[in-house]
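Here the structure comes first, spelled out in structure tokens, and everything after it is commentary.
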Amino acid sequence: MRKGWKMACLTFFLTLALGGCHKEKALEYSIAVSGEAKEAGTVEFLGYSINVYEDEASNPCGTCQQQPVHLYVGADAGETAQAISDTVERADDLWDVVSCEDGDVVLREKEDGSIQEIFPLAAVEGLSLKGTARGRQVPQVSGTGGEPAGKEQKREFPDDPQRLAAVYGPSYELLVMLGAEEKIVVRADVQTADFPWAEKVFGRIVETPMLNNVHTSVNFEELMSFSPDMVYTFPRQNELNQLSQAGVAALPGETSGHLEGVKKQVREYALTLGDEAKKRADRYCQYFDEKLSMIQEATDSLEEKDRPKVYYAGVDILTTYGKYSDIMEVIQAAGGTPVSRELEAGNRTEIDYEQLMKWNPDVIFLDHGGMNHGETVEELLEEISQNKVCQSLAAVKNRQIHMSPSGVFYWDMGIQKILLIMHMAEILHPETFQDLDMEREVMEFYQEFFQYGLTREEAVKILNRESP
Amino acid sequence: MLDRKKKNFGGLAGILLLCLAVLMVFSAMAGRYFVSFSEFVHILGMKLSGEVYEPSMAETVLFGTRFPRIAAAVVIGCGLSMSGAAYQGIFRNPMVSPDLLGASAGAGFGAALGFLLELSLWAIQLLAFGMGLFAVLLTCVLGRLVRGQMDHNRIVLVLSGMVVGSLFQALISLVKYVADPFDTMPSIAFWLMGGLTYVTALDMVFLLAPVAVGTIVLLMFRWRINLLSLGPDEAETMGVSVKRSQGVIIFCATLMTASCVAVGGMIGWAGLIVPHFSRMLAGPDNRRMMPCAALLGGIFLLIVDDAARCLFPQEIPIGILTAMVGAPVFIGLLAKGRRGFV
């Protein structure tokens, strides 16, 4: 008996010890700036971007709170470096600023091992950025600048891909936004499975052939039968290896824990497509920044007591998002306090009723559900209200359960996340945002990025999570 | 001599019963949502006296989620342990657990299919229950077909059980493979790992009837299990109708396992190790061992479920915990070796 226990304990601790040994050195990244900005555009580094404006008149935001960092044509190396340092400090997410002098910025990752790859540096005409990584080997995504610290692992993209495979869930809406829908030769089943609006809004999605069951795995041979020259797919290493061996360029999608990730993904996609797409990406990122600052201008100053406690559920009432999900930032930006911000989890985890009651949220949002099950929003809400346990929650008592809209795709996943922030802000602080016309915003968004003119009735339907 | 043993057994059963009662009260007090002792007594008093009062959050926590969970943990623990003990008895094999004849895998497949077809929770449970019964029926029919004239009745049955079990495991994998991992997959995954999160008072009806019937019948049959564990020929000469008894026992065990799996998901290990514990405490005689196993099963699963719901803000699937507790305990039992049944 005793021997058995000893063995069991030993195995357990050995596993723990082995698990704990693996530690990585902190990554340092320095950016050297030289030259002077000669035109308007954006400065991009590590997934962040700083807008460069022609002059003050062309800056729509001025010195508004969310875009305190910006540059004007004529900015020199010192100013640009300072702006880079400010951006990183304000974002306060992945990097710490070690030093910033004479056009050289040195950054260090906040948590050892948290940076998985380094994004390309890019700047407007006249400015040039050079990046150097030290301490740990991190793959660098291809682009201008950046000397790899170790083994070079560049992603090679074809110059002007004509046959695109939109396999990754949000890739279809992204490619439409970037003006490349015409080039999509194959797509995924999940892009229409729950989204009748996608069939209506996207011109070619119905006639485009699709791959089935992509969330689990992609049938390689079937994918190849469409002979794509650029595949936008899931971050699954085995499938990426397969593609690279077949000599097909691929860009894996990624879920980031931060709102910056939305823009980062848009820019990554644009990089594979050419100048027109880059312009559209710039336009989207600018829109994203503008709308986010508009919301945050009003919500940043809110005190803790004025921020309703928000619980964001996906699929069912007990499945939720943890601290590694960007939904935390969505809720915070919209002026709420995410109740699950301490939960050690990413995008989907399960809690129990007692935990939910302990949090007792003021407002509940429910995503990823309903739509195609033949139930209307009212029926679904009624169903939850009938649940005896839920009835005691403040949010249910005050009828503060809301279904997150989805339109052409999930709002918690793709480029419509900015709409989710606005929509949530309007619900959480109706008085502050009484001038915000959400229907108008949805119509404008669809017009601007999907070139589809929604009627006001249709916008209402999308916001109510109803089918067309 | 005999009297003293009987007396001892009475004492043991009494102690276990007391343990279970104390543990249930303790569990009712523990949880992520804090309910103070005075509040607890107050609410209970109000409820018992039938006085009208304002329903509070604490009351909902207690009656809406905590009490049903506690009850379900005890009943499922009892059901799984009893069917495990019965199987171990009639198959004369200490490594046997309630899923031997494919009941768990069948019920698992039924539930996974239910999630995939987006049925309501009730329909999912019914489908799971039905599939569990169907799997065991399939095992029995297969066993009969294969056996032919041979008399290696039980070995053939165990082998058919393995085949049917693997078949249904493969079907579960198939459902998992085609399920949408953003919507359906988490529900299936959480469910396959076992959990009592969603148990409501209504589920208890579904659970209590089969487990109560199964437990009572098995307890009535426990002396026959003693004889069956000697071997079919010996049992037959002692006047036990082997075929019929075996059929009744398998039916009861399957009924209990399928309903437990239908409500609580795939909870492994409880049906395997609890009978061994029980044998350590009460000896190998099924007449004493089986009632002990019923009580011990309740205690075991209640403790594990308390851990599952109290340790972390997230729900830990109970199947993971039973395995983590079960594996080292089982190693201990193996190391102890030779004594008792092992």
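Labeling convention for the structure tokens: chains A, B, ... as they appear, residues from 1 per chain, ligands from 1 in order of appearance.
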
For Gly319 (chain B), please output as number ranges by chain all residues within 12 Å (counting only C-alpha atoms; exclusion window: fewer than 3 positions along the same chain). B: 189-196, 261, 264-271, 301, 304-305, 307-308, 315-316, 322-327

Please, could you write that set of residues out with C-alpha atoms as a compact mmCIF listing (two decimals), in the first residue's frame?
# COMPACT_ATOMS: atom_id res chain seq x y z
CA ALA B 189 -16.73 17.73 -24.58
CA PHE B 190 -17.92 19.00 -21.20
CA TRP B 191 -20.57 16.35 -21.11
CA LEU B 192 -18.21 13.50 -21.99
CA MET B 193 -15.94 14.53 -19.13
CA GLY B 194 -18.89 14.35 -16.77
CA GLY B 195 -20.43 17.08 -14.69
CA LEU B 196 -23.39 17.86 -12.51
CA VAL B 261 -24.63 8.62 -17.49
CA GLY B 264 -24.20 13.22 -15.12
CA GLY B 265 -22.18 12.40 -18.21
CA MET B 266 -19.33 9.92 -18.36
CA ILE B 267 -18.11 9.64 -14.78
CA GLY B 268 -15.43 6.96 -14.75
CA TRP B 269 -13.71 5.17 -11.90
CA ALA B 270 -16.44 5.45 -9.27
CA GLY B 271 -17.95 2.09 -10.26
CA LEU B 301 -18.93 11.18 -5.48
CA VAL B 304 -15.41 14.76 -5.55
CA ASP B 305 -18.28 16.93 -6.73
CA ALA B 307 -14.16 19.69 -5.05
CA ALA B 308 -15.35 20.16 -8.63
CA GLU B 315 -16.22 24.13 -13.28
CA ILE B 316 -13.82 21.17 -13.22
CA THR B 322 -12.63 10.93 -10.26
CA ALA B 323 -9.83 9.68 -12.48
CA MET B 324 -7.22 11.77 -10.68
CA VAL B 325 -8.38 10.47 -7.32
CA GLY B 326 -9.14 7.00 -8.64
CA ALA B 327 -5.84 6.28 -10.37

Which residues of chain B come within 9 Å of chain A, and for each one, what is the closest pair of atoms and their distance in Å to one decimal, counting only C-alpha atoms, sorted by chain and residue number, as CSV?
residue,atom,partner,partner_atom,distance
B:Gly31,CA,A:Glu354,CA,7.1
B:Arg32,CA,A:Gln355,CA,5.7
B:Tyr33,CA,A:Lys358,CA,5.1
B:Phe34,CA,A:Lys358,CA,7.9
B:Pro55,CA,A:Ser392,CA,8.6
B:Ser56,CA,A:Ser392,CA,7.4
B:Met57,CA,A:Ser392,CA,5.8
B:Thr60,CA,A:Val389,CA,6.0
B:Val61,CA,A:Glu354,CA,6.4
B:Phe63,CA,A:Val389,CA,8.9
B:Gly64,CA,A:Val389,CA,5.5
B:Thr65,CA,A:Tyr353,CA,6.9
B:Arg66,CA,A:Glu354,CA,8.1
B:Glu118,CA,A:His373,CA,8.2
B:Lys176,CA,A:Thr216,CA,8.8
B:Tyr177,CA,A:Thr216,CA,6.4
B:Val178,CA,A:Asn213,CA,6.2
B:Ala179,CA,A:Asn213,CA,7.8
B:Asp180,CA,A:His215,CA,6.3
B:Pro181,CA,A:His215,CA,6.1
B:Phe182,CA,A:His215,CA,7.8
B:Asp183,CA,A:Val315,CA,5.7
B:Thr184,CA,A:Val315,CA,8.2
B:Pro186,CA,A:Arg348,CA,8.1
B:Ser187,CA,A:Val315,CA,8.8
B:Phe190,CA,A:Glu350,CA,8.1
B:Thr197,CA,A:Asp352,CA,5.7
B:Tyr198,CA,A:Asp352,CA,8.0
B:Arg309,CA,A:Asp352,CA,7.3
B:Pro313,CA,A:Gln355,CA,6.3
B:Gln314,CA,A:Ile351,CA,4.5
B:Glu315,CA,A:Ile351,CA,4.8
B:Ile316,CA,A:Glu350,CA,8.4
B:Ala327,CA,A:Ala8,CA,8.6
B:Pro328,CA,A:Ala8,CA,5.6
B:Val329,CA,A:Trp5,CA,7.8
B:Phe330,CA,A:Gly4,CA,8.7
B:Ile331,CA,A:Gly4,CA,5.5
B:Gly332,CA,A:Gly4,CA,4.5
B:Leu333,CA,A:Met1,CA,6.5
B:Leu334,CA,A:Gly4,CA,7.6
B:Ala335,CA,A:Met1,CA,5.1
B:Lys336,CA,A:Met1,CA,4.4
B:Gly337,CA,A:Met1,CA,8.1

Generate the output file for the selected residues, C-alpha atoms, as a CSV table (one decimal), in the first residue's frame.
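That gives us part.csv:
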chain,number,residue,atom,x,y,z
B,31,GLY,CA,-19.9,26.6,-2.5
B,32,ARG,CA,-18.7,29.5,-4.5
B,33,TYR,CA,-21.7,31.5,-3.4
B,34,PHE,CA,-21.4,32.2,0.3
B,55,PRO,CA,-37.4,34.5,-2.1
B,56,SER,CA,-33.8,35.5,-1.9
B,57,MET,CA,-30.6,34.8,-3.9
B,60,THR,CA,-32.2,30.1,-5.1
B,61,VAL,CA,-28.6,29.0,-4.8
B,63,PHE,CA,-32.7,25.0,-3.7
B,64,GLY,CA,-32.1,25.8,-7.4
B,65,THR,CA,-28.6,24.5,-7.8
B,66,ARG,CA,-26.9,23.2,-4.6
B,118,GLU,CA,-29.7,20.3,-31.0
B,176,LYS,CA,-17.2,14.9,-32.1
B,177,TYR,CA,-15.4,15.0,-35.4
B,178,VAL,CA,-18.3,16.4,-37.3
B,179,ALA,CA,-19.5,18.7,-34.5
B,180,ASP,CA,-19.0,22.4,-34.8
B,181,PRO,CA,-16.2,23.1,-32.2
B,182,PHE,CA,-17.5,26.6,-31.6
B,183,ASP,CA,-21.0,25.7,-30.7
B,184,THR,CA,-21.7,22.1,-30.3
B,186,PRO,CA,-17.8,22.4,-26.0
B,187,SER,CA,-21.2,21.0,-24.9
B,190,PHE,CA,-17.9,19.0,-21.2
B,197,THR,CA,-23.5,21.6,-13.3
B,198,TYR,CA,-26.9,21.6,-15.1
B,309,ARG,CA,-17.6,23.0,-7.7
B,313,PRO,CA,-14.2,29.6,-10.4
B,314,GLN,CA,-14.4,27.4,-13.4
B,315,GLU,CA,-16.2,24.1,-13.3
B,316,ILE,CA,-13.8,21.2,-13.2
B,327,ALA,CA,-5.8,6.3,-10.4
B,328,PRO,CA,-3.5,6.7,-7.3
B,329,VAL,CA,-6.0,4.9,-5.1
B,330,PHE,CA,-6.1,2.0,-7.5
B,331,ILE,CA,-2.3,1.8,-7.6
B,332,GLY,CA,-2.4,1.7,-3.9
B,333,LEU,CA,-4.9,-1.2,-4.0
B,334,LEU,CA,-2.7,-3.0,-6.5
B,335,ALA,CA,0.4,-2.5,-4.4
B,336,LYS,CA,-1.4,-3.9,-1.4
B,337,GLY,CA,-2.1,-7.0,-3.6

Where in region 256-367 of chain A does DSSP assign strand (DSSP E or B), given as a PyMOL selection string? chain A and resi 309-314+319-320+337-338+349-351+363-367

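Note that the spacing between CA of Ala21 (chain B) and CA of Ala86 (chain B) amounts to 24.8 Å.
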